[in-house]
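One structure below.
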Amino acid sequence: MPDSVPDPAPGTAPDSPVAVLRRAGACLAVDLAPLAGRGLPEVLHWGADLGPLTPGLAEHLRTTSVPAVPHSAPDAPRGFTVLPTQADAWAGTPGLSGHRAGTGTEPRLRLRGHRLHAGGTADTLVLDLHDPAVGISVELRYRLDAFGVLRARATATADTGTGTGTATGAGEPAPYDLSALRVLLPLPARACEVLDLTGRWVRERSPQRGPMRDGTLLRRALRGRPGHDSPLLAAAGTPGFGFGAGEVWAVHVAWSGDQEYLVERLPEGAGAHAAVLGGAEALRPGEVRLAPGAAYTGPEIVFCHSAAGLDGVSARLHESLRARPRHPARPRPIVLNTWEAVYFDHDLDRLRALADRAARVGVERFVLDDGWFRGRRHDRAGLGDWEVDPAVWPHGLDPIIDHVRALGMDFGLWVEPEMVNLDSDLARTDPTRLLHPEGDPGRTWRHQYVLDLARPDTWRLIHDRLDALLTRYPIAYVKWDHNRALYEPVHRAGPGPQEPPGGARRVPGVHRQTRAVYALLDALRERHPGVEFESCASGGARIDMGIIERAERVWASDCNDPVERQAIQRWTGLLLPPELVGAHVGPPTAHTTGRRTDLAFRLCTALFGHSGIEWDLTGCDEHELAALTAWTAMVREFRPLLRTGRTVRGEQTDPAALLHGVVAPGRDHALFCFAQVATAAAEQPGRTPLPGLDPDRRYTLRHRTELGDPTRGAATAPAWLRAGTAPPVLSGAALGALGVPMPRLLPAQAVLVEARAAD
Ligand code: DGJ
């Protein structure tokens, strides 16, 4: 069932204190003056649309939201407020926590005002909360977009003026030391299973799932980036929820630094609700200290509910991303990335030969990866010196760029601007530019350190070097890498009011660093609006909606092994539509796993994303080049479908095989992939549903064999796949419920099935 219903008018029911956002089948209802509350608005509902709220219905919604008063509990009923704290008798993780020099630890916020904006593409509720005694205010801003995605953001501001909070000796209020500012929403009791993702290098986005339990499921990324193990989405759902069925409530933290995701259930529930879902930037001690008048705005916390399973959640998120003005509109150019083809061995003749082969098979963008800049013959030197290495490129990058462009491809370049090797002129000239505490610079990771980009002169230096490259050369694309986590990230702040004159304060650095990186990307993108960016972080360690505001692509993983990639892409697709997710055809033996796979399977896997090649094509034979040429033709044929369609994933009842596909918005066309990823216990997969089609239409199925036909000549193939059999025509209802029998393939084989509406 699609979630979408016509947009009703949002707003408060007349004469009712209930503020309602309703769009695309989703709804947030907030009681601005709760009956039993102490002054903070309470969340009455977040989830499926409740229909129009007349004043009478709104009133009944309020009265039925007052929970019972159990034994051994506060004497007044507890509601679940928009910023729950102990003042609401909330013993769970608070929405706001902090202090002023050890005081003001228990805020008692009250609603000071609210605004409800309706119309255009945004329906927005803004709540202004204030505690004059602690001297802190919080603005909560909820925007429900046209796709039913709820984007929430919190801002904490310290009061100005004297008399608020704890005064220092001089009479000035002490700064408000913010420990956490979370956006939390309630979950119903039926959301009793929890799913999120974890992972490691070359195995990003592994799902983990379990029952909701009392206690806190807290996923905190303290790596200065979301990490290979980023949850990506934390989802709670009805029993057995899957890709195509069940009700799901999900959250994503749109932030590229430290993050936290939280699912929490207390025995007493959360007001009339059962549990809580939310997220925040994870703040390090002392990271945000608000002087009078200063404010901190947290990242956007993105909430998404769907009654149509995880695919329903993804559909809302994908559509919401696709509606952004800077979402890539033109077809995604087919990439050749040089990394696994040549690594650091940059040689003009070799790269020209690679470019020749790339152009011959139909590549449209040639990306020169790591190894082109001063001293970068290996991964122990050079980071920070963003100038072309004259030892390798005596005539600069012109010879390779000219060659690539003459072949009709555009040119991309790899950089890693946040990092530095000690063996670089940058570090030798000024070793204080590194992000670390007093003393030695701490642990290396891939022999490198992190630059303190919140230091203005370092930011400017890196900006100017990158700007010079983008100005000097016709670079269409920047692959922006980030190959280490941030440990002990300490920023050297300039002299401040609370320190001895001339001394440098050492303060937590992740928040500042993340903002500085965003500012760097924003500045470069503004100066070079035609350039596209890719977010890479030793594979997929920085994938989030914060970075995707500044990048046209993410690199999902350094693993080009198609067996692993099937799963990595499947789960990355929970958040991102395929056109944003890089997917490369690698060599026969995967460099990161040592697994050998057929070319056909590698091609099928890399078809479902922003497609590319990462393979030394100069070693390919004619058969392989012909297969790649057929594949680039197929990429061009299907990329419009991938760019606009709805991602669907079959329920994975058999872990050895998976089914995924993309269905066009009008549901007249779809492409499905049935991929065998391991041997199976059962002899036959049997009928495999093809989800997402219009139940009332008939579809002709076509087995697309251009990339290979693993069933050819197999007497065991189901009849409909055998040569000479007329293509079957079945209704969308039959295909969704029953599907067609799939063959039992060998591991690392796949079948591509195209469905076209026959009427
Ligand atoms: C890690 C990336 O994920 C790879 O694709 C490659 O760009 C290397 N870094 C280069 O050092």
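Letters A, B, ... mark the chains of the structure tokens in the order given; residue numbers begin at 1 per chain; ligand numbers begin at 1, in order shown.
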**Item:** A:Gln569 environment, 9 Å, only C-alpha atoms, sequence neighbours closer than 2 positions dropped, as a count of residues only
**Value:** 17
**Message:** Just list as a PyMOL selection string whatever in stretch 413-652 of chain A DSSP marks as strand (DSSP E or B).
**Reply:** chain A and resi 413-415+419-420+423+434+445+448-451+477-480+490-493+505-508+532-535+537+540+553-555+581-585+589+596+610-613+646-649
**Request:** Kindly work out which residues sit at most 9 Å from ligand 1, using only C-alpha atoms and all ligand atoms, and give the list as a list of chain:residue names.
**Result:** A:Asn337, A:Thr338, A:Trp339, A:Glu340, A:Tyr343, A:Phe344, A:Asp369, A:Asp370, A:Gly371, A:Asp379, A:Trp414, A:Val415, A:Glu416, A:Lys479, A:Trp480, A:Asp481, A:His482, A:Asn483, A:Cys536, A:Ala537, A:Ser538, A:Gly539, A:Gly540, A:Ala541, A:Trp555, A:Ala556, A:Ser557, A:Asp558, A:Cys559
**Prompt:** Between A:Leu368, A:Ala307, A:Arg182, A:Tyr473, which has the minimum distance to A:Val276 (counting only C-alpha atoms)?
**Reply:** A:Arg182
**Complete:** Computed gap from atom CA of A:Pro328 to atom CA of A:Arg405 is 21.4 Å
Give me the residues near stretch 444-449 of chain A as a PDB file with N, CA, C and O atoms, in the first residue's frame, where near means some atom within 12 Å (using only C-alpha atoms) and where sequence neighbours in that chain fewer than 5 positions away do not count.
ATOM      1  N   HIS A 378      53.386   6.454  -2.129  1.00  0.00           N
ATOM      2  CA  HIS A 378      52.864   5.427  -1.227  1.00  0.00           C
ATOM      3  C   HIS A 378      52.006   6.164  -0.198  1.00  0.00           C
ATOM      4  O   HIS A 378      51.890   7.403  -0.248  1.00  0.00           O
ATOM      5  N   ASP A 379      51.435   5.418   0.742  1.00  0.00           N
ATOM      6  CA  ASP A 379      50.481   6.083   1.638  1.00  0.00           C
ATOM      7  C   ASP A 379      51.141   6.636   2.916  1.00  0.00           C
ATOM      8  O   ASP A 379      50.461   6.912   3.896  1.00  0.00           O
ATOM      9  N   ARG A 380      52.466   6.836   2.874  1.00  0.00           N
ATOM     10  CA  ARG A 380      53.127   7.387   4.059  1.00  0.00           C
ATOM     11  C   ARG A 380      53.487   8.856   3.897  1.00  0.00           C
ATOM     12  O   ARG A 380      54.019   9.454   4.835  1.00  0.00           O
ATOM     13  N   ALA A 381      53.270   9.411   2.729  1.00  0.00           N
ATOM     14  CA  ALA A 381      53.738  10.781   2.488  1.00  0.00           C
ATOM     15  C   ALA A 381      52.772  11.551   1.593  1.00  0.00           C
ATOM     16  O   ALA A 381      51.963  10.967   0.872  1.00  0.00           O
ATOM     17  N   GLY A 382      52.879  12.864   1.695  1.00  0.00           N
ATOM     18  CA  GLY A 382      52.271  13.738   0.694  1.00  0.00           C
ATOM     19  C   GLY A 382      50.960  14.393   1.073  1.00  0.00           C
ATOM     20  O   GLY A 382      50.663  15.493   0.593  1.00  0.00           O
ATOM     21  N   LEU A 383      50.145  13.756   1.926  1.00  0.00           N
ATOM     22  CA  LEU A 383      48.833  14.357   2.212  1.00  0.00           C
ATOM     23  C   LEU A 383      49.024  15.769   2.751  1.00  0.00           C
ATOM     24  O   LEU A 383      49.803  15.983   3.686  1.00  0.00           O
ATOM     25  N   GLY A 384      48.333  16.706   2.194  1.00  0.00           N
ATOM     26  CA  GLY A 384      48.457  18.108   2.580  1.00  0.00           C
ATOM     27  C   GLY A 384      49.116  18.937   1.487  1.00  0.00           C
ATOM     28  O   GLY A 384      48.853  20.132   1.369  1.00  0.00           O
ATOM     29  N   GLU A 416      42.108  14.398  -0.404  1.00  0.00           N
ATOM     30  CA  GLU A 416      41.750  14.053   0.979  1.00  0.00           C
ATOM     31  C   GLU A 416      42.081  15.261   1.860  1.00  0.00           C
ATOM     32  O   GLU A 416      43.027  15.243   2.666  1.00  0.00           O
ATOM     33  N   PRO A 417      41.295  16.328   1.735  1.00  0.00           N
ATOM     34  CA  PRO A 417      41.713  17.642   2.238  1.00  0.00           C
ATOM     35  C   PRO A 417      41.828  17.753   3.751  1.00  0.00           C
ATOM     36  O   PRO A 417      42.509  18.653   4.241  1.00  0.00           O
ATOM     37  N   GLU A 418      41.164  16.861   4.492  1.00  0.00           N
ATOM     38  CA  GLU A 418      41.196  17.008   5.952  1.00  0.00           C
ATOM     39  C   GLU A 418      42.424  16.368   6.569  1.00  0.00           C
ATOM     40  O   GLU A 418      42.607  16.424   7.785  1.00  0.00           O
ATOM     41  N   MET A 419      43.272  15.740   5.753  1.00  0.00           N
ATOM     42  CA  MET A 419      44.334  14.903   6.306  1.00  0.00           C
ATOM     43  C   MET A 419      45.722  15.420   5.947  1.00  0.00           C
ATOM     44  O   MET A 419      45.901  16.196   5.016  1.00  0.00           O
ATOM     45  N   VAL A 420      46.699  14.912   6.713  1.00  0.00           N
ATOM     46  CA  VAL A 420      48.083  15.320   6.504  1.00  0.00           C
ATOM     47  C   VAL A 420      49.004  14.174   6.908  1.00  0.00           C
ATOM     48  O   VAL A 420      48.721  13.457   7.870  1.00  0.00           O
ATOM     49  N   ASN A 421      50.072  13.987   6.145  1.00  0.00           N
ATOM     50  CA  ASN A 421      51.164  13.091   6.574  1.00  0.00           C
ATOM     51  C   ASN A 421      52.252  13.945   7.208  1.00  0.00           C
ATOM     52  O   ASN A 421      52.512  15.068   6.749  1.00  0.00           O
ATOM     53  N   LEU A 422      52.924  13.416   8.201  1.00  0.00           N
ATOM     54  CA  LEU A 422      54.052  14.170   8.757  1.00  0.00           C
ATOM     55  C   LEU A 422      55.124  14.365   7.694  1.00  0.00           C
ATOM     56  O   LEU A 422      55.827  15.376   7.685  1.00  0.00           O
ATOM     57  N   ASP A 423      55.218  13.384   6.795  1.00  0.00           N
ATOM     58  CA  ASP A 423      56.144  13.520   5.677  1.00  0.00           C
ATOM     59  C   ASP A 423      55.461  14.318   4.560  1.00  0.00           C
ATOM     60  O   ASP A 423      55.033  13.786   3.531  1.00  0.00           O
ATOM     61  N   SER A 424      55.327  15.626   4.825  1.00  0.00           N
ATOM     62  CA  SER A 424      54.752  16.549   3.834  1.00  0.00           C
ATOM     63  C   SER A 424      55.313  17.931   4.148  1.00  0.00           C
ATOM     64  O   SER A 424      55.669  18.208   5.301  1.00  0.00           O
ATOM     65  N   LEU A 426      53.630  20.547   4.241  1.00  0.00           N
ATOM     66  CA  LEU A 426      52.651  21.230   5.099  1.00  0.00           C
ATOM     67  C   LEU A 426      52.958  20.972   6.572  1.00  0.00           C
ATOM     68  O   LEU A 426      53.012  21.908   7.375  1.00  0.00           O
ATOM     69  N   ALA A 427      53.165  19.714   6.936  1.00  0.00           N
ATOM     70  CA  ALA A 427      53.433  19.389   8.343  1.00  0.00           C
ATOM     71  C   ALA A 427      54.827  19.850   8.759  1.00  0.00           C
ATOM     72  O   ALA A 427      55.023  20.292   9.895  1.00  0.00           O
ATOM     73  N   PRO A 431      53.993  22.162  12.211  1.00  0.00           N
ATOM     74  CA  PRO A 431      53.379  20.959  12.803  1.00  0.00           C
ATOM     75  C   PRO A 431      52.233  21.275  13.756  1.00  0.00           C
ATOM     76  O   PRO A 431      51.523  20.365  14.178  1.00  0.00           O
ATOM     77  N   THR A 432      52.015  22.532  14.075  1.00  0.00           N
ATOM     78  CA  THR A 432      50.922  22.857  15.017  1.00  0.00           C
ATOM     79  C   THR A 432      49.563  22.823  14.332  1.00  0.00           C
ATOM     80  O   THR A 432      48.544  23.065  14.970  1.00  0.00           O
ATOM     81  N   ARG A 433      49.532  22.547  13.046  1.00  0.00           N
ATOM     82  CA  ARG A 433      48.231  22.569  12.350  1.00  0.00           C
ATOM     83  C   ARG A 433      47.407  21.305  12.591  1.00  0.00           C
ATOM     84  O   ARG A 433      46.302  21.190  12.086  1.00  0.00           O
ATOM     85  N   LEU A 434      47.955  20.368  13.338  1.00  0.00           N
ATOM     86  CA  LEU A 434      47.255  19.091  13.521  1.00  0.00           C
ATOM     87  C   LEU A 434      46.229  19.172  14.645  1.00  0.00           C
ATOM     88  O   LEU A 434      46.368  19.982  15.568  1.00  0.00           O
ATOM     89  N   LEU A 435      45.257  18.293  14.544  1.00  0.00           N
ATOM     90  CA  LEU A 435      44.164  18.260  15.525  1.00  0.00           C
ATOM     91  C   LEU A 435      44.526  17.239  16.605  1.00  0.00           C
ATOM     92  O   LEU A 435      44.344  16.035  16.413  1.00  0.00           O
ATOM     93  N   HIS A 436      45.078  17.712  17.723  1.00  0.00           N
ATOM     94  CA  HIS A 436      45.430  16.776  18.798  1.00  0.00           C
ATOM     95  C   HIS A 436      45.657  17.556  20.089  1.00  0.00           C
ATOM     96  O   HIS A 436      45.859  18.771  20.054  1.00  0.00           O
ATOM     97  N   HIS A 482      38.413  10.490   3.104  1.00  0.00           N
ATOM     98  CA  HIS A 482      38.590  10.748   4.548  1.00  0.00           C
ATOM     99  C   HIS A 482      38.933   9.404   5.176  1.00  0.00           C
ATOM    100  O   HIS A 482      38.058   8.650   5.565  1.00  0.00           O
ATOM    101  N   ASN A 483      40.255   9.138   5.250  1.00  0.00           N
ATOM    102  CA  ASN A 483      40.673   7.767   5.519  1.00  0.00           C
ATOM    103  C   ASN A 483      41.032   7.440   6.952  1.00  0.00           C
ATOM    104  O   ASN A 483      41.710   6.442   7.187  1.00  0.00           O
ATOM    105  N   ARG A 484      40.626   8.270   7.890  1.00  0.00           N
ATOM    106  CA  ARG A 484      40.853   7.854   9.271  1.00  0.00           C
ATOM    107  C   ARG A 484      39.794   8.473  10.177  1.00  0.00           C
ATOM    108  O   ARG A 484      39.224   9.520   9.888  1.00  0.00           O
ATOM    109  N   ALA A 485      39.600   7.789  11.294  1.00  0.00           N
ATOM    110  CA  ALA A 485      38.708   8.345  12.306  1.00  0.00           C
ATOM    111  C   ALA A 485      39.468   9.420  13.087  1.00  0.00           C
ATOM    112  O   ALA A 485      40.688   9.521  13.017  1.00  0.00           O
ATOM    113  N   LEU A 486      38.715  10.236  13.825  1.00  0.00           N
ATOM    114  CA  LEU A 486      39.314  11.281  14.647  1.00  0.00           C
ATOM    115  C   LEU A 486      39.414  10.767  16.081  1.00  0.00           C
ATOM    116  O   LEU A 486      38.377  10.488  16.704  1.00  0.00           O
ATOM    117  N   TYR A 487      40.623  10.613  16.577  1.00  0.00           N
ATOM    118  CA  TYR A 487      40.799  10.286  17.999  1.00  0.00           C
ATOM    119  C   TYR A 487      41.467  11.473  18.679  1.00  0.00           C
ATOM    120  O   TYR A 487      42.321  12.119  18.094  1.00  0.00           O
ATOM    121  N   GLU A 488      41.076  11.734  19.902  1.00  0.00           N
ATOM    122  CA  GLU A 488      41.593  12.880  20.665  1.00  0.00           C
ATOM    123  C   GLU A 488      41.521  14.159  19.827  1.00  0.00           C
ATOM    124  O   GLU A 488      42.509  14.893  19.715  1.00  0.00           O
ATOM    125  N   PRO A 489      40.412  14.458  19.253  1.00  0.00           N
ATOM    126  CA  PRO A 489      40.348  15.632  18.376  1.00  0.00           C
ATOM    127  C   PRO A 489      40.274  16.919  19.204  1.00  0.00           C
ATOM    128  O   PRO A 489      39.208  17.299  19.696  1.00  0.00           O
ATOM    129  N   SER A 538      37.384   5.972   3.417  1.00  0.00           N
ATOM    130  CA  SER A 538      37.865   4.586   3.311  1.00  0.00           C
ATOM    131  C   SER A 538      36.701   3.681   2.990  1.00  0.00           C
ATOM    132  O   SER A 538      36.377   2.770   3.735  1.00  0.00           O
TER     133      SER A 538
END
**Message:** Can you pull out the residues contacting A:Gln749? Cut-off 8 Å, using only C-alpha atoms, and skip same-chain residues under 3 positions away; I want them as an MDAnalysis selection string.
**Reply:** chainID A and resid 598 600:601 675:677 710 745:746
Could you write those residues out with N, CA and C atoms, as a PDB file, in the first residue's frame?
ATOM      1  N   ASP A 598      32.277 -14.370 -11.729  1.00  0.00           N
ATOM      2  CA  ASP A 598      32.049 -14.172 -13.161  1.00  0.00           C
ATOM      3  C   ASP A 598      31.789 -12.702 -13.454  1.00  0.00           C
ATOM      4  N   ALA A 600      29.663 -11.507 -15.528  1.00  0.00           N
ATOM      5  CA  ALA A 600      28.222 -11.210 -15.639  1.00  0.00           C
ATOM      6  C   ALA A 600      27.658 -10.769 -14.294  1.00  0.00           C
ATOM      7  N   PHE A 601      28.065 -11.419 -13.240  1.00  0.00           N
ATOM      8  CA  PHE A 601      27.525 -11.070 -11.923  1.00  0.00           C
ATOM      9  C   PHE A 601      28.071  -9.716 -11.462  1.00  0.00           C
ATOM     10  N   ALA A 675      19.556 -12.391  -7.326  1.00  0.00           N
ATOM     11  CA  ALA A 675      20.993 -12.645  -7.172  1.00  0.00           C
ATOM     12  C   ALA A 675      21.229 -13.773  -6.185  1.00  0.00           C
ATOM     13  N   GLN A 676      22.009 -14.735  -6.631  1.00  0.00           N
ATOM     14  CA  GLN A 676      22.394 -15.842  -5.752  1.00  0.00           C
ATOM     15  C   GLN A 676      23.705 -15.439  -5.081  1.00  0.00           C
ATOM     16  N   VAL A 677      23.719 -15.401  -3.764  1.00  0.00           N
ATOM     17  CA  VAL A 677      24.939 -14.945  -3.089  1.00  0.00           C
ATOM     18  C   VAL A 677      25.641 -16.064  -2.317  1.00  0.00           C
ATOM     19  N   PRO A 710      22.969 -17.149 -17.053  1.00  0.00           N
ATOM     20  CA  PRO A 710      23.426 -18.311 -16.289  1.00  0.00           C
ATOM     21  C   PRO A 710      22.510 -19.516 -16.441  1.00  0.00           C
ATOM     22  N   LEU A 745      20.563 -20.929  -9.053  1.00  0.00           N
ATOM     23  CA  LEU A 745      21.817 -20.515  -9.675  1.00  0.00           C
ATOM     24  C   LEU A 745      23.000 -20.938  -8.819  1.00  0.00           C
ATOM     25  N   LEU A 746      24.165 -20.873  -9.409  1.00  0.00           N
ATOM     26  CA  LEU A 746      25.380 -21.046  -8.621  1.00  0.00           C
ATOM     27  C   LEU A 746      25.623 -19.755  -7.844  1.00  0.00           C
TER      28      LEU A 746
END
**Message:** Which residues are close to A:Ser179, i.e. within 7 Å by only C-alpha atoms, leaving aside same-chain residues fewer than 2 positions away? Reply as a ChimeraX atom specification.
**Reply:** /A:97-98,177,283,285
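With distances restricted to only C-alpha atoms, A:Leu181 is the closest residue to A:Val288 from A:Ala551, A:Val18, A:Leu181, A:Val635.
For the choices A:Leu53, A:Ala26, A:Ala87, A:Leu707, the atom-to-atom distance to A:Trp249 is smallest for A:Ala26 when using only C-alpha atoms.
Going from atom CA of A:Pro728 over to atom CA of A:Pro689, you cover 14.3 Å.
Nearest residue to A:Ala656, choosing from A:Leu321, A:Ala282, A:Ala681, A:Leu671 and counting only C-alpha atoms: A:Ala681.
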List the neighbours of A:Ala726 out to 12 Å using only C-alpha atoms; skip same-chain residues closer than 5 positions along the sequence, and give me the result as a short mmCIF file (atom, residue, chain, number, x, y, z; two decimals) with all heavy atoms, in the first residue's frame.
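Now in part16.cif:
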data_model
loop_
_atom_site.label_atom_id
_atom_site.label_comp_id
_atom_site.auth_asym_id
_atom_site.auth_seq_id
_atom_site.Cartn_x
_atom_site.Cartn_y
_atom_site.Cartn_z
N THR A 700 4.43 -7.77 -19.26
CA THR A 700 5.20 -8.76 -20.01
C THR A 700 6.59 -8.84 -19.38
O THR A 700 7.24 -7.81 -19.17
CB THR A 700 5.34 -8.32 -21.48
OG1 THR A 700 4.04 -8.03 -21.98
CG2 THR A 700 6.00 -9.40 -22.32
N LEU A 701 7.02 -10.05 -19.12
CA LEU A 701 8.34 -10.23 -18.51
C LEU A 701 9.35 -10.57 -19.59
O LEU A 701 9.08 -11.38 -20.48
CB LEU A 701 8.31 -11.36 -17.48
CG LEU A 701 7.39 -11.15 -16.29
CD1 LEU A 701 7.58 -12.30 -15.30
CD2 LEU A 701 7.65 -9.81 -15.59
N ARG A 702 10.50 -9.95 -19.48
CA ARG A 702 11.57 -10.24 -20.44
C ARG A 702 12.84 -10.54 -19.66
O ARG A 702 13.24 -9.76 -18.78
CB ARG A 702 11.76 -9.01 -21.33
CG ARG A 702 12.79 -9.20 -22.38
CD ARG A 702 12.79 -8.02 -23.35
NE ARG A 702 14.05 -7.99 -24.06
CZ ARG A 702 14.66 -6.90 -24.47
NH1 ARG A 702 14.10 -5.71 -24.26
NH2 ARG A 702 15.80 -6.95 -25.11
N HIS A 703 13.41 -11.66 -19.96
CA HIS A 703 14.68 -12.04 -19.34
C HIS A 703 15.78 -11.32 -20.11
O HIS A 703 15.99 -11.59 -21.28
CB HIS A 703 14.83 -13.57 -19.43
CG HIS A 703 16.09 -14.08 -18.83
ND1 HIS A 703 16.58 -15.33 -19.10
CD2 HIS A 703 16.96 -13.51 -17.97
CE1 HIS A 703 17.71 -15.51 -18.44
NE2 HIS A 703 17.96 -14.42 -17.75
N ALA A 719 10.74 -23.34 -16.97
CA ALA A 719 10.33 -23.31 -18.38
C ALA A 719 10.28 -21.90 -18.94
O ALA A 719 10.69 -21.66 -20.08
CB ALA A 719 8.98 -24.00 -18.51
N TRP A 720 9.80 -20.93 -18.16
CA TRP A 720 9.60 -19.59 -18.72
C TRP A 720 10.92 -18.93 -19.12
O TRP A 720 10.93 -17.98 -19.90
CB TRP A 720 8.80 -18.70 -17.77
CG TRP A 720 9.56 -18.20 -16.57
CD1 TRP A 720 9.78 -18.86 -15.41
CD2 TRP A 720 10.18 -16.92 -16.42
NE1 TRP A 720 10.50 -18.08 -14.55
CE2 TRP A 720 10.75 -16.87 -15.14
CE3 TRP A 720 10.30 -15.78 -17.24
CZ2 TRP A 720 11.45 -15.76 -14.66
CZ3 TRP A 720 10.99 -14.68 -16.76
CH2 TRP A 720 11.55 -14.67 -15.48
N LEU A 721 12.04 -19.46 -18.59
CA LEU A 721 13.34 -18.87 -18.92
C LEU A 721 14.02 -19.58 -20.08
O LEU A 721 15.07 -19.16 -20.54
CB LEU A 721 14.26 -18.91 -17.69
CG LEU A 721 13.95 -17.91 -16.59
CD1 LEU A 721 14.77 -18.20 -15.36
CD2 LEU A 721 14.20 -16.49 -17.07
#
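Of the residues under consideration (A:Val263, A:Ile136, A:Ala678, A:Ile334), A:Ile334 shows the shortest atom-to-atom contact distance to A:Glu579 when counting only C-alpha atoms.
Of all the residues in stretch 483-538 of chain A, the ones DSSP labels as helix (DSSP H, G or I) from the backbone are Val510, His511, Arg512, Gln513, Thr514, Arg515, Ala516, Val517, Tyr518, Ala519, Leu520, Leu521, Asp522, Ala523, Leu524, Arg525, Glu526 and Arg527 of chain A.
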Residues just named, written with N, CA and C atoms as an mmCIF file, in the first residue's frame:
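Output saved as again.cif:
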data_model
loop_
_atom_site.group_PDB
_atom_site.id
_atom_site.type_symbol
_atom_site.label_atom_id
_atom_site.label_comp_id
_atom_site.auth_asym_id
_atom_site.auth_seq_id
_atom_site.Cartn_x
_atom_site.Cartn_y
_atom_site.Cartn_z
ATOM 1 N N VAL A 510 35.533 18.138 17.372
ATOM 2 C CA VAL A 510 34.766 17.481 16.299
ATOM 3 C C VAL A 510 33.672 18.380 15.736
ATOM 4 N N HIS A 511 32.948 19.045 16.618
ATOM 5 C CA HIS A 511 31.871 19.913 16.129
ATOM 6 C C HIS A 511 32.449 21.000 15.222
ATOM 7 N N ARG A 512 33.499 21.631 15.706
ATOM 8 C CA ARG A 512 34.122 22.709 14.919
ATOM 9 C C ARG A 512 34.672 22.151 13.597
ATOM 10 N N GLN A 513 35.296 20.979 13.671
ATOM 11 C CA GLN A 513 35.879 20.375 12.476
ATOM 12 C C GLN A 513 34.782 20.062 11.442
ATOM 13 N N THR A 514 33.686 19.513 11.920
ATOM 14 C CA THR A 514 32.606 19.135 10.997
ATOM 15 C C THR A 514 32.042 20.385 10.321
ATOM 16 N N ARG A 515 31.841 21.429 11.121
ATOM 17 C CA ARG A 515 31.342 22.682 10.531
ATOM 18 C C ARG A 515 32.358 23.239 9.526
ATOM 19 N N ALA A 516 33.657 23.146 9.882
ATOM 20 C CA ALA A 516 34.698 23.693 8.991
ATOM 21 C C ALA A 516 34.729 22.918 7.667
ATOM 22 N N VAL A 517 34.546 21.599 7.753
ATOM 23 C CA VAL A 517 34.543 20.789 6.522
ATOM 24 C C VAL A 517 33.337 21.163 5.661
ATOM 25 N N TYR A 518 32.193 21.300 6.309
ATOM 26 C CA TYR A 518 31.002 21.729 5.550
ATOM 27 C C TYR A 518 31.267 23.092 4.882
ATOM 28 N N ALA A 519 31.865 24.001 5.652
ATOM 29 C CA ALA A 519 32.114 25.348 5.097
ATOM 30 C C ALA A 519 33.090 25.271 3.922
ATOM 31 N N LEU A 520 34.063 24.373 4.026
ATOM 32 C CA LEU A 520 35.044 24.223 2.948
ATOM 33 C C LEU A 520 34.364 23.707 1.680
ATOM 34 N N LEU A 521 33.571 22.669 1.857
ATOM 35 C CA LEU A 521 32.855 22.128 0.700
ATOM 36 C C LEU A 521 31.894 23.167 0.127
ATOM 37 N N ASP A 522 31.191 23.864 1.015
ATOM 38 C CA ASP A 522 30.227 24.859 0.541
ATOM 39 C C ASP A 522 30.929 25.958 -0.252
ATOM 40 N N ALA A 523 32.075 26.404 0.276
ATOM 41 C CA ALA A 523 32.792 27.500 -0.398
ATOM 42 C C ALA A 523 33.288 27.042 -1.770
ATOM 43 N N LEU A 524 33.838 25.835 -1.845
ATOM 44 C CA LEU A 524 34.350 25.345 -3.129
ATOM 45 C C LEU A 524 33.215 25.102 -4.113
ATOM 46 N N ARG A 525 32.113 24.599 -3.603
ATOM 47 C CA ARG A 525 30.969 24.343 -4.486
ATOM 48 C C ARG A 525 30.387 25.660 -5.011
ATOM 49 N N GLU A 526 30.446 26.679 -4.179
ATOM 50 C CA GLU A 526 29.926 27.967 -4.629
ATOM 51 C C GLU A 526 30.847 28.567 -5.700
ATOM 52 N N ARG A 527 32.152 28.434 -5.486
ATOM 53 C CA ARG A 527 33.091 29.001 -6.470
ATOM 54 C C ARG A 527 33.162 28.172 -7.756
#
**Asked** If we count only C-alpha atoms, what is near A:Gly215 at a cut-off of 9 Å, once residues fewer than 3 positions away on the same chain are taken out, given as JSON, numbers by chain?
**Response** {"A": [92, 212, 263, 264, 265, 266, 267]}
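Taking atom CA of A:Gln684 and atom CA of A:Ile568 as endpoints, the distance between them is 25.1 Å.
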